[in-house]
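**Q** Just so it is clear, I am handing over upload-v4.cif, which has mmCIF, C-alpha atoms.
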data_my_file
#
loop_
_atom_site.label_atom_id
_atom_site.label_comp_id
_atom_site.auth_asym_id
_atom_site.auth_seq_id
_atom_site.Cartn_x
_atom_site.Cartn_y
_atom_site.Cartn_z
CA MET B 1 -20.84 115.56 -11.43
CA ARG B 2 -20.40 112.10 -10.02
CA SER B 3 -17.71 112.30 -7.37
CA CYS B 4 -15.86 109.32 -8.85
CA ASN B 5 -15.70 110.96 -12.26
CA LYS B 6 -14.81 114.54 -11.37
CA LEU B 7 -12.75 116.13 -14.13
CA LEU B 8 -9.01 115.66 -14.17
CA ALA B 9 -8.71 119.36 -13.55
CA HIS B 10 -9.39 118.96 -9.84
CA PHE B 11 -5.85 118.27 -8.74
CA SER B 12 -3.65 117.33 -5.81
CA GLY B 13 -1.09 119.44 -3.99
CA THR B 14 0.14 120.74 -0.68
CA VAL B 15 -2.19 121.08 2.27
CA ALA B 16 -2.67 124.31 4.18
CA THR B 17 -5.31 125.21 6.76
CA ALA B 18 -6.27 128.36 8.59
CA LEU B 19 -8.80 129.15 11.28
CA LEU B 20 -11.77 131.38 10.52
CA GLY B 21 -10.63 134.28 12.64
CA ALA B 22 -7.11 134.20 11.19
CA ALA B 23 -7.93 134.23 7.49
CA SER B 24 -4.94 135.64 5.67
CA LEU B 25 -4.69 138.21 2.93
CA VAL B 26 -1.53 137.53 0.99
CA SER B 27 -0.38 140.14 -1.48
CA SER B 28 2.75 140.67 -3.51
CA PRO B 29 4.30 143.50 -5.50
CA ALA B 30 2.53 143.98 -8.81
CA VAL B 31 4.43 142.17 -11.53
CA ALA B 32 3.84 142.88 -15.18
CA ALA B 33 2.24 139.86 -16.80
CA PRO B 34 4.20 138.29 -19.66
CA PRO B 35 2.73 138.09 -23.14
CA CYS B 36 0.85 134.87 -23.85
CA GLN B 37 2.69 132.83 -26.47
CA GLY B 38 0.14 130.05 -26.95
CA PRO B 39 0.94 126.35 -27.39
CA ALA B 40 1.85 124.53 -30.56
CA GLY B 41 -1.26 123.47 -32.44
CA THR B 42 -3.20 126.64 -31.70
CA PRO B 43 -5.36 127.42 -34.75
CA ALA B 44 -4.16 130.44 -36.70
CA PRO B 45 -5.77 132.82 -36.89
CA THR B 46 -8.23 132.59 -34.00
CA GLN B 47 -10.90 135.15 -33.17
CA THR B 48 -10.13 134.70 -29.47
CA LYS B 49 -6.56 135.89 -28.84
CA CYS B 50 -4.42 134.98 -25.84
CA LEU B 51 -3.48 138.43 -24.57
CA THR B 52 -1.33 137.78 -21.51
CA ALA B 53 -0.60 135.34 -18.70
CA VAL B 54 -0.97 136.45 -15.08
CA PRO B 55 1.31 134.60 -12.62
CA ILE B 56 0.01 133.63 -9.17
CA PRO B 57 2.54 133.89 -6.32
CA GLY B 58 3.01 131.02 -3.91
CA ASN B 59 2.70 127.34 -4.73
CA PRO B 60 2.50 126.35 -8.40
CA LEU B 61 -1.07 125.85 -9.58
CA ARG B 62 -1.76 122.17 -9.15
CA SER B 63 -5.36 122.16 -7.99
CA PHE B 64 -8.04 124.80 -8.48
CA ASP B 65 -11.78 124.78 -8.97
CA ILE B 66 -14.35 127.36 -10.05
CA SER B 67 -13.72 130.98 -11.04
CA PHE B 68 -15.89 134.10 -11.27
CA VAL B 69 -15.73 137.73 -12.45
CA ASN B 70 -17.33 140.77 -10.87
CA PRO B 71 -17.10 143.32 -13.74
CA ASP B 72 -18.32 146.20 -11.57
CA ARG B 73 -15.37 145.72 -9.21
CA ALA B 74 -13.05 144.77 -12.11
CA GLU B 75 -12.01 141.63 -10.24
CA TYR B 76 -11.51 137.99 -11.17
CA TYR B 77 -11.69 135.32 -8.45
CA LEU B 78 -10.21 131.81 -8.55
CA ALA B 79 -10.81 129.04 -6.01
CA ASP B 80 -7.12 128.13 -5.64
CA ARG B 81 -6.68 124.98 -3.57
CA SER B 82 -2.92 124.97 -4.18
CA ASN B 83 -2.66 128.14 -2.09
CA SER B 84 -5.67 127.46 0.19
CA GLY B 85 -7.54 130.61 -0.80
CA ILE B 86 -9.32 132.80 -3.30
CA ASP B 87 -6.93 134.52 -5.72
CA ILE B 88 -8.01 137.98 -6.92
CA ILE B 89 -6.81 139.56 -10.16
CA ASP B 90 -7.51 143.14 -11.22
CA THR B 91 -9.24 142.77 -14.60
CA HIS B 92 -8.31 146.34 -15.57
CA SER B 93 -4.56 146.22 -14.92
CA LEU B 94 -4.36 142.42 -15.34
CA LYS B 95 -2.23 142.10 -12.21
CA PHE B 96 -2.50 139.85 -9.18
CA LYS B 97 -3.96 141.70 -6.16
CA ARG B 98 -4.15 139.29 -3.23
CA THR B 99 -5.17 135.85 -1.97
CA ILE B 100 -7.83 135.53 0.71
CA GLY B 101 -6.83 132.54 2.82
CA GLY B 102 -8.71 130.57 5.45
CA PHE B 103 -9.67 127.47 3.42
CA VAL B 104 -8.78 123.82 3.99
CA GLY B 105 -6.60 123.65 0.86
CA ILE B 106 -5.72 120.34 -0.72
CA LYS B 107 -6.56 117.05 0.95
CA LEU B 108 -5.06 113.85 -0.44
CA LYS B 109 -6.68 110.44 -0.68
CA ALA B 110 -5.34 108.18 2.02
CA GLY B 111 -1.99 106.66 1.14
CA THR B 112 -1.76 108.43 -2.23
CA ASN B 113 -0.59 111.64 -3.83
CA VAL B 114 -3.98 112.11 -5.50
CA VAL B 115 -6.29 114.95 -4.58
CA ASP B 116 -9.39 114.13 -2.56
CA ASN B 117 -11.78 116.43 -4.42
CA ASN B 118 -14.59 115.68 -2.02
CA HIS B 119 -12.79 117.27 0.92
CA SER B 120 -10.52 119.91 -0.66
CA GLY B 121 -11.30 123.60 -0.89
CA PRO B 122 -12.04 126.29 -1.88
CA ASP B 123 -14.44 125.09 -4.57
CA GLY B 124 -17.43 127.09 -5.85
CA VAL B 125 -17.33 130.88 -5.81
CA VAL B 126 -19.74 133.70 -6.69
CA THR B 127 -19.95 137.45 -5.94
CA HIS B 128 -22.35 140.35 -5.70
CA GLY B 129 -21.14 143.81 -4.74
CA ARG B 130 -18.78 143.69 -1.77
CA TRP B 131 -19.75 140.11 -0.87
CA LEU B 132 -18.02 136.98 -2.07
CA TYR B 133 -19.37 133.52 -1.25
CA ALA B 134 -17.11 130.47 -1.49
CA GLY B 135 -17.52 126.79 -0.74
CA ASP B 136 -14.96 124.89 1.32
CA GLY B 137 -14.01 121.23 1.56
CA ASN B 138 -15.48 120.83 5.07
CA SER B 139 -19.08 121.44 3.93
CA THR B 140 -19.02 125.11 4.87
CA LEU B 141 -19.95 128.27 3.01
CA LYS B 142 -17.53 131.11 3.64
CA VAL B 143 -19.01 134.64 3.52
CA ILE B 144 -16.33 137.18 2.59
CA ASP B 145 -16.41 140.97 2.76
CA LEU B 146 -14.19 142.13 -0.10
CA ASN B 147 -14.03 145.62 1.41
CA ALA B 148 -12.43 144.33 4.61
CA ALA B 149 -8.69 144.93 4.81
CA VAL B 150 -8.25 142.31 7.56
CA ASN B 151 -10.26 139.25 8.59
CA PRO B 152 -12.45 139.33 5.47
CA ILE B 153 -14.24 136.04 6.25
CA LYS B 154 -17.28 137.19 8.18
CA ASP B 155 -18.99 133.82 8.57
CA SER B 156 -18.51 130.11 7.98
CA ILE B 157 -21.84 128.32 7.75
CA SER B 158 -22.13 124.54 7.73
CA THR B 159 -24.51 123.00 5.21
CA GLY B 160 -24.73 119.89 7.37
CA GLY B 161 -22.69 117.54 5.20
CA THR B 162 -19.23 116.05 5.45
CA THR B 163 -17.97 116.95 1.98
CA ARG B 164 -17.33 120.12 0.03
CA VAL B 165 -19.71 122.92 -0.85
CA ASP B 166 -19.23 123.08 -4.60
CA GLU B 167 -20.74 125.26 -7.32
CA MET B 168 -23.24 128.05 -6.67
CA ASP B 169 -25.07 131.06 -8.07
CA LEU B 170 -26.96 134.14 -6.89
CA THR B 171 -30.13 135.91 -7.90
CA THR B 172 -29.52 139.15 -9.80
CA ASP B 173 -30.09 141.27 -6.67
CA GLY B 174 -27.66 139.12 -4.69
CA LYS B 175 -30.26 138.29 -2.03
CA ILE B 176 -30.79 134.55 -2.66
CA LEU B 177 -27.93 132.06 -3.02
CA LEU B 178 -28.08 128.41 -4.10
CA VAL B 179 -25.12 126.12 -3.40
CA ALA B 180 -24.57 122.44 -4.24
CA ASN B 181 -23.08 119.73 -2.05
CA ASN B 182 -22.19 117.61 -5.06
CA ALA B 183 -20.23 114.89 -3.26
CA GLU B 184 -22.82 113.90 -0.63
CA ASP B 185 -24.80 110.71 -1.22
CA PRO B 186 -27.45 111.62 -2.02
CA PRO B 187 -26.32 115.09 -3.11
CA PHE B 188 -28.26 118.13 -1.99
CA GLY B 189 -28.56 121.86 -2.48
CA THR B 190 -28.86 124.58 0.15
CA LEU B 191 -30.82 127.78 -0.38
CA PHE B 192 -29.49 130.78 1.55
CA ARG B 193 -30.67 134.27 2.30
CA ALA B 194 -27.68 136.33 1.12
CA ASN B 195 -26.56 139.92 1.68
CA GLY B 196 -27.47 141.71 -1.53
CA ASP B 197 -26.10 145.27 -1.28
CA ALA B 198 -26.18 145.40 2.51
CA ALA B 199 -23.12 146.56 4.45
CA VAL B 200 -23.62 143.97 7.21
CA ASN B 201 -23.65 140.19 6.84
CA THR B 202 -26.93 138.40 7.59
CA THR B 203 -26.43 135.29 5.44
CA ALA B 204 -28.53 132.37 6.71
CA ILE B 205 -29.91 129.03 5.51
CA ILE B 206 -33.47 129.00 4.17
CA ALA B 207 -33.83 125.32 3.29
CA LYS B 208 -32.10 122.13 2.26
CA ILE B 209 -33.12 120.94 -1.21
CA LEU B 210 -33.20 117.26 -2.16
CA VAL B 211 -34.09 115.56 -5.43
CA SER B 212 -36.51 112.63 -5.29
CA ASN B 213 -34.84 109.25 -4.67
CA THR B 214 -36.54 107.93 -7.81
CA ILE B 215 -34.49 110.42 -9.85
CA ILE B 216 -31.21 110.46 -7.88
CA PRO B 217 -31.15 107.16 -5.97
CA ALA B 218 -29.20 107.13 -2.73
CA GLY B 219 -26.09 104.97 -2.76
CA ALA B 220 -25.44 105.37 -6.48
CA GLY B 221 -22.70 108.01 -6.15
CA LEU B 222 -24.63 110.53 -8.24
CA SER B 223 -24.37 114.31 -8.08
CA ILE B 224 -25.71 117.77 -8.81
CA GLU B 225 -23.52 120.46 -10.37
CA GLN B 226 -23.46 124.10 -11.55
CA PRO B 227 -26.54 126.27 -10.84
CA ALA B 228 -27.44 129.24 -13.04
CA TRP B 229 -29.99 131.96 -12.25
CA ASP B 230 -32.35 133.17 -14.98
CA PRO B 231 -33.88 136.55 -14.03
CA LYS B 232 -36.58 136.30 -16.70
CA THR B 233 -38.16 133.07 -15.46
CA LYS B 234 -36.98 133.72 -11.87
CA ARG B 235 -35.68 130.17 -11.56
CA PHE B 236 -32.42 128.45 -10.70
CA TYR B 237 -31.37 125.84 -13.28
CA VAL B 238 -29.00 123.16 -11.99
CA SER B 239 -27.11 120.57 -14.04
CA ILE B 240 -27.57 116.96 -12.93
CA PRO B 241 -24.93 114.72 -14.56
CA THR B 242 -26.92 111.47 -14.29
CA ILE B 243 -30.52 110.57 -13.47
CA ALA B 244 -32.19 107.19 -13.15
CA ASN B 245 -34.15 105.54 -15.96
CA ASN B 246 -33.09 108.07 -18.61
CA PRO B 247 -33.55 106.32 -21.03
CA PRO B 248 -35.52 103.42 -19.57
CA GLY B 249 -33.30 100.50 -18.70
CA CYS B 250 -30.07 102.50 -18.56
CA THR B 251 -27.39 101.63 -16.03
CA PHE B 252 -25.09 103.75 -13.87
CA GLY B 253 -22.10 101.66 -14.92
CA PRO B 254 -19.28 101.97 -15.30
CA PRO B 255 -19.67 102.73 -18.05
CA ASN B 256 -22.68 104.92 -17.41
CA THR B 257 -25.48 104.77 -20.00
CA CYS B 258 -27.91 107.16 -18.31
CA SER B 259 -28.24 110.76 -19.48
CA GLY B 260 -28.59 113.62 -17.03
CA GLY B 261 -31.23 116.16 -16.21
CA LEU B 262 -31.87 119.82 -15.51
CA LEU B 263 -33.19 120.70 -12.05
CA VAL B 264 -35.49 123.75 -12.10
CA ILE B 265 -36.02 125.50 -8.74
CA ASP B 266 -38.39 128.36 -7.95
CA PRO B 267 -36.91 129.86 -4.76
CA ALA B 268 -40.24 131.52 -3.96
CA THR B 269 -41.80 128.09 -3.38
CA VAL B 270 -38.98 126.56 -1.33
CA LYS B 271 -39.92 126.12 2.32
CA GLY B 272 -37.65 124.96 5.12
CA PRO B 273 -36.23 122.97 6.60
CA VAL B 274 -36.22 120.43 3.71
CA THR B 275 -37.81 120.59 0.27
CA THR B 276 -37.82 117.52 -2.00
CA ILE B 277 -38.21 118.10 -5.73
CA ASP B 278 -39.65 115.50 -8.12
CA GLY B 279 -40.17 115.23 -11.87
CA PHE B 280 -40.81 118.24 -14.07
CA ASN B 281 -44.15 120.07 -13.78
CA PRO B 282 -44.78 122.30 -16.84
CA ALA B 283 -47.52 124.20 -15.03
CA THR B 284 -45.11 125.51 -12.40
CA ASN B 285 -41.88 125.26 -14.43
CA THR B 286 -40.21 123.33 -11.60
CA GLY B 287 -38.74 119.87 -11.19
CA VAL B 288 -36.26 117.74 -13.10
CA VAL B 289 -36.24 117.84 -16.91
CA PRO B 290 -34.72 114.68 -18.47
CA LEU B 291 -32.05 115.42 -21.08
CA THR B 292 -31.05 113.44 -24.15
CA ALA B 293 -27.44 112.35 -24.83
CA CYS B 294 -26.02 114.78 -22.27
CA GLY B 295 -24.34 114.32 -18.91
CA PRO B 296 -23.94 117.98 -17.91
CA ASN B 297 -21.63 119.72 -15.45
CA GLY B 298 -21.76 123.42 -16.27
CA ALA B 299 -24.81 125.62 -16.86
CA THR B 300 -25.00 129.23 -18.00
CA VAL B 301 -27.81 131.52 -19.18
CA GLY B 302 -27.35 133.08 -22.61
CA PRO B 303 -29.57 135.10 -24.98
CA HIS B 304 -33.31 134.53 -25.35
CA ASP B 305 -33.50 132.45 -22.12
CA ASN B 306 -31.29 129.77 -23.62
CA LEU B 307 -29.07 127.78 -21.28
CA LEU B 308 -25.89 126.13 -22.48
CA LEU B 309 -25.15 122.93 -20.54
CA GLY B 310 -21.60 121.62 -20.32
CA CYS B 311 -22.14 118.01 -21.41
CA THR B 312 -19.10 115.79 -20.86
CA PRO B 313 -18.13 112.20 -21.70
CA ASN B 314 -16.70 111.99 -18.18
CA ASN B 315 -20.33 111.59 -17.12
CA LEU B 316 -21.86 109.99 -20.22
CA PRO B 317 -19.17 108.34 -22.41
CA SER B 318 -21.39 108.40 -25.50
CA GLY B 319 -22.26 112.09 -25.07
CA ILE B 320 -19.86 113.99 -27.34
CA THR B 321 -21.95 117.08 -28.11
CA THR B 322 -23.03 120.12 -26.09
CA LEU B 323 -26.67 120.96 -25.39
CA VAL B 324 -28.54 124.27 -25.40
CA ILE B 325 -32.01 124.27 -23.83
CA ASN B 326 -34.59 127.03 -23.66
CA ALA B 327 -35.59 127.89 -20.10
CA LYS B 328 -39.22 128.50 -21.05
CA THR B 329 -40.07 126.02 -23.81
CA LYS B 330 -37.45 123.32 -23.00
CA ASN B 331 -36.72 123.05 -26.73
CA THR B 332 -33.13 122.02 -27.35
CA ALA B 333 -30.34 122.52 -29.88
CA VAL B 334 -27.14 120.50 -30.19
CA VAL B 335 -23.70 122.08 -30.57
CA VAL B 336 -21.46 119.71 -32.54
CA GLY B 337 -17.70 119.58 -32.15
CA ILE B 338 -17.36 120.48 -28.47
CA ASN B 339 -17.90 118.55 -25.22
CA GLY B 340 -16.05 117.73 -22.02
CA SER B 341 -16.86 120.98 -20.21
CA ASP B 342 -16.95 121.67 -16.51
CA GLU B 343 -17.50 125.39 -15.92
CA VAL B 344 -19.21 127.29 -18.76
CA TRP B 345 -19.82 131.03 -18.99
CA PHE B 346 -21.88 133.34 -21.21
CA ASN B 347 -20.21 136.70 -21.83
CA LYS B 348 -22.88 139.29 -22.55
CA GLY B 349 -20.15 141.69 -23.71
CA ASP B 350 -19.49 139.75 -26.90
CA GLY B 351 -22.54 137.47 -27.03
CA ARG B 352 -20.50 134.27 -26.80
CA TYR B 353 -20.34 131.19 -24.60
CA TYR B 354 -16.95 130.06 -23.29
CA LEU B 355 -16.44 126.45 -22.23
CA GLY B 356 -13.71 125.06 -19.97
CA ALA B 357 -13.54 121.83 -21.98
CA SER B 358 -10.61 120.05 -20.35
CA ALA B 359 -12.18 116.64 -21.09
CA PHE B 360 -12.94 117.33 -24.78
CA ARG B 361 -12.99 114.23 -26.98
CA LYS B 362 -13.33 114.27 -30.76
CA THR B 363 -14.98 110.85 -30.65
CA ALA B 364 -16.19 108.68 -27.80
CA ALA B 365 -13.04 106.56 -28.15
CA SER B 366 -10.60 109.46 -28.46
CA PRO B 367 -8.29 110.58 -25.63
CA ALA B 368 -9.07 113.86 -23.91
CA THR B 369 -7.72 116.93 -25.72
CA PRO B 370 -8.15 119.98 -23.44
CA VAL B 371 -9.46 123.13 -25.11
CA LEU B 372 -11.23 126.41 -24.51
CA GLY B 373 -14.44 126.15 -26.50
CA VAL B 374 -16.03 129.24 -28.06
CA VAL B 375 -19.71 129.09 -29.12
CA ASP B 376 -21.71 132.01 -30.49
CA GLY B 377 -25.13 133.14 -29.27
CA THR B 378 -26.86 131.10 -31.99
CA SER B 379 -25.35 127.87 -30.61
CA VAL B 380 -22.71 127.44 -33.31
CA LEU B 381 -19.15 126.39 -32.43
CA ILE B 382 -16.70 129.11 -33.47
CA GLU B 383 -13.37 127.61 -32.44
CA THR B 384 -11.44 125.48 -29.97
CA ILE B 385 -8.13 126.66 -28.50
CA PRO B 386 -5.63 124.30 -26.78
CA THR B 387 -5.22 124.68 -23.02
CA SER B 388 -3.57 122.78 -20.17
CA SER B 389 -5.05 119.45 -19.18
CA GLY B 390 -6.44 121.10 -16.06
CA SER B 391 -8.26 124.04 -17.64
CA HIS B 392 -11.80 123.19 -16.60
CA SER B 393 -12.56 126.67 -15.24
CA VAL B 394 -13.49 129.81 -17.21
CA ALA B 395 -15.00 133.23 -16.47
CA ALA B 396 -15.36 136.46 -18.48
CA ASP B 397 -15.39 140.19 -17.74
CA SER B 398 -18.33 141.47 -19.79
CA LYS B 399 -17.27 145.13 -19.53
CA ARG B 400 -13.77 144.54 -20.88
CA ASN B 401 -14.42 141.43 -23.02
CA LEU B 402 -11.64 139.49 -21.35
CA ILE B 403 -11.82 135.74 -20.77
CA PHE B 404 -9.86 134.15 -17.90
CA VAL B 405 -8.71 130.52 -18.06
CA PRO B 406 -6.44 129.06 -15.32
CA GLN B 407 -3.58 126.84 -16.53
CA VAL B 408 -2.17 124.09 -14.34
CA ALA B 409 1.57 123.65 -13.78
CA PRO B 410 3.34 120.73 -15.51
CA LEU B 411 3.20 117.17 -14.21
CA ALA B 412 6.98 117.14 -13.86
CA VAL B 413 6.79 120.10 -11.47
CA VAL B 414 3.80 119.35 -9.26
CA GLY B 415 3.33 115.61 -9.64
CA ALA B 416 0.05 113.74 -10.03
CA GLY B 417 -2.66 116.03 -11.38
CA GLY B 418 -0.23 118.34 -13.18
CA ASP B 419 -0.45 119.27 -16.83
CA THR B 420 0.13 116.23 -19.02
CA THR B 421 0.53 118.41 -22.11
CA THR B 422 3.05 121.15 -22.92
CA ASN B 423 0.22 123.64 -23.43
CA GLY B 424 0.16 125.24 -19.98
CA ALA B 425 3.88 126.00 -19.89
CA ALA B 426 3.75 127.47 -23.39
CA ILE B 427 0.81 129.70 -22.50
CA CYS B 428 2.22 130.80 -19.13
CA GLY B 429 5.84 131.21 -20.17
CA SER B 430 6.77 129.39 -16.94
CA ASN B 431 6.31 126.08 -15.13
CA ASN B 432 4.23 127.53 -12.28
CA GLY B 433 0.84 127.67 -13.96
CA CYS B 434 -0.97 130.98 -14.51
CA ILE B 435 -4.23 132.66 -15.43
CA ALA B 436 -4.36 133.01 -19.21
CA VAL B 437 -6.27 136.09 -20.36
CA TYR B 438 -7.98 135.96 -23.74
CA GLU B 439 -9.48 138.83 -25.70
CA HIS B 440 -12.17 138.92 -28.37
CA ASP B 441 -12.33 142.17 -30.30
CA VAL B 442 -15.98 143.09 -30.85
CA ASP B 443 -15.58 146.69 -32.05
CA ASP B 444 -16.81 145.89 -35.54
CA GLU B 445 -19.40 143.31 -34.59
CA ASP B 446 -23.07 143.40 -33.69
CA ASP B 447 -23.89 140.47 -31.45
CA GLY B 448 -27.51 141.38 -30.81
CA ASP B 449 -29.15 140.28 -27.55
CA HIS B 450 -26.31 139.53 -25.17
CA GLY B 451 -28.52 138.14 -22.43
CA ASP B 452 -27.54 138.13 -18.78
CA ARG B 453 -24.41 137.81 -16.66
CA ARG B 454 -24.33 134.03 -16.48
#
Here is a file; write its structure as C-alpha cells.

**A**
Amino acid sequence: MRSCNKLLAHFSGTVATALLGAASLVSSPAVAAPPCQGPAGTPAPTQTKCLTAVPIPGNPLRSFDISFVNPDRAEYYLADRSNSGIDIIDTHSLKFKRTIGGFVGIKLKAGTNVVDNNHSGPDGVVTHGRWLYAGDGNSTLKVIDLNAAVNPIKDSISTGGTTRVDEMDLTTDGKILLVANNAEDPPFGTLFRANGDAAVNTTAIIAKILVSNTIIPAGAGLSIEQPAWDPKTKRFYVSIPTIANNPPGCTFGPPNTCSGGLLVIDPATVKGPVTTIDGFNPATNTGVVPLTACGPNGATVGPHDNLLLGCTPNNLPSGITTLVINAKTKNTAVVVGINGSDEVWFNKGDGRYYLGASAFRKTAASPATPVLGVVDGTSVLIETIPTSSGSHSVAADSKRNLIFVPQVAPLAVVGAGGDTTTNGAAICGSNNGCIAVYEHDVDDEDDGDHGDRR
C-alpha cells in the first residue's frame, strides 16, 4: 500500500537491534493461555468463536506486521516489531514457544513517537518446511532455519533498497520466493531462489521486478503489496493499491481517486537482473490487470482459482467493498459489507476467507471500526467480529481450523499507535496485547473445494 497511508495497525514502540551472528532465541516457561472473553458489541452468537488469548512475553504489543502459519510444523509466526523478532506459537498446545531476534525492531519518525513503518522490522514472513523467510526494515531478507537451536538466521540478503522488505509468498514446493519492497519509490519486487526442502541454505536473488512507469509512476509514493501464489496457473498475483489512469483522469490525491491493480507474474519468464512488467497480456496471463472500485492490500487464493483481494478505503476512500477475482478468467465478484483489510487468508480447512479488517468502514464517511471479517468460499460475508484497532494481521491453521489474530495493547499503555478501542484488552484479558485464537467448528459442515494454502 502507499507508504503514506499504511494501516494504523503498523505501530510505534521501543527500538531494539541485534547483529546477524548474534540473533537471539528468547523463550519463557509455558503459561496457560486465558480464555478469550471477547469485547462488548461482539455479535451473539457467532460462528467463529474466540477460543483463547495467547500472551507474548516481553514488551507489550505495540507494533507488529504480517503473520503466517505452517500447519505441518503446528507453528504460528508473527512479525513482532515491539520485540524485534519473530514470535512463534505452538498451534497444538496454543502456547508461546520462542522469539527469534535479530531484527531492527521499531524505528520512530524523526522528532516524534510515531512508528516509521518504512524502516521498522520484521515485516513480511512466510515458511516452507524448516525454512522461514522474513523481511526487515533495512531492506534485507532474513533466511531462518527453524531447526537451529542457536543462531537460526543463516543469511541476510539485501534487496538493494533503503526501506523494508514487506510482504511475500512462496511457490508450493518452497523453491521460488517473491518479496515486495513496498516503500521504495518506485516500489519493486525481488524474485529469489529459495531452499525448498533442502537441509542447507542456498537462497539467492534471481531478478528485480519493476512495474512500468506508466502504471506506477516514479515519485508518486505508490506501492505494491501482498503476493499470493496460485499453483494451478503457476503465477504470483500481487496487489497494487493504486495505478495510474484507472479510471482515466483519476488523481493520486489526497484524496486518491484511482483504483488499484493486480500484478500477475510468471516466474518462469522472469530473467535477471531486472524485469519490467507492463499492462496485462491475456495470451501469457501476465502483466497488470486494472481493478474497479478497489485499492487492495491483501491477496489470497481460495477455491476454484478465485483470489480475494483486501480492498481498503485507506487506499481508495470510495472503495467500501471487497473484491474476488478469478485467476484464469479475471471475472470478478463483489463482497458487500466488508472492507479495510490488510492481510487476508484463505483457510482450506473450513473453506473460508479471513480478513484483518482493521480499517473497516460501514460507509465512506464512517470512522474505522476494526473487525475480523469472515467470508465463505462463495464470496458471501458471514460475519464481522470486533478486534483491536491494530488487528490488521490474520493467519489460519488449516489442520486444526484455528484462526490467529494479534491484538495491540491499549493506547494508554504503549502510547501512539496503541489500541484506541477497549476491544483488545477485553479479548486478551490484559493490557499487554496478545494473539487471539478463534475456532470455527466444521464437524457438521461440507465446505466443498477448499482450494490451496493461501

**Q** Which distance in Å separates atom CA of Gly135 of chain B and atom CA of Pro386 of chain B, to one decimal?

**A**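 Taking atom CA of Gly135 of chain B and atom CA of Pro386 of chain B, their separation equals 28.7 Å.
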
**Q** So, counting all atoms listed in the file, which residue among B:Tyr237, B:Phe280, B:Tyr353, B:Phe68 is closest to Gly373 of chain B?

**A**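 For Gly373 of chain B, the nearest of the candidates is B:Tyr353.
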
**Q** Have a look at atom CA of Asn151 of chain B and atom CA of Ala207 of chain B and let me know their distance in Å, one decimal.

**A**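 Distance between the two atoms: 27.9 Å.
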
**Q** I'd like the interatomic distance between atom CA of Ile209 of chain B and atom CA of Phe236 of chain B, to a tenth of an Å.

**A**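 Interatomic distance, atom CA of Ile209 of chain B to atom CA of Phe236 of chain B: 12.1 Å.
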
**Q** Return as number ranges by chain the set of residues that the PyMOL selection byres ((chain B and resi 356) around 10) yields on the displayed structure.

**A** B: 9, 298, 310, 339-345, 354-355, 357-360, 370-374, 387, 390-395, 405-406

**Q** Using all atoms listed in the file, which residue out of B:Asn315, B:Thr42, B:Asn306, B:Ser212 lies closest to Cys258 of chain B?

**A** B:Asn315
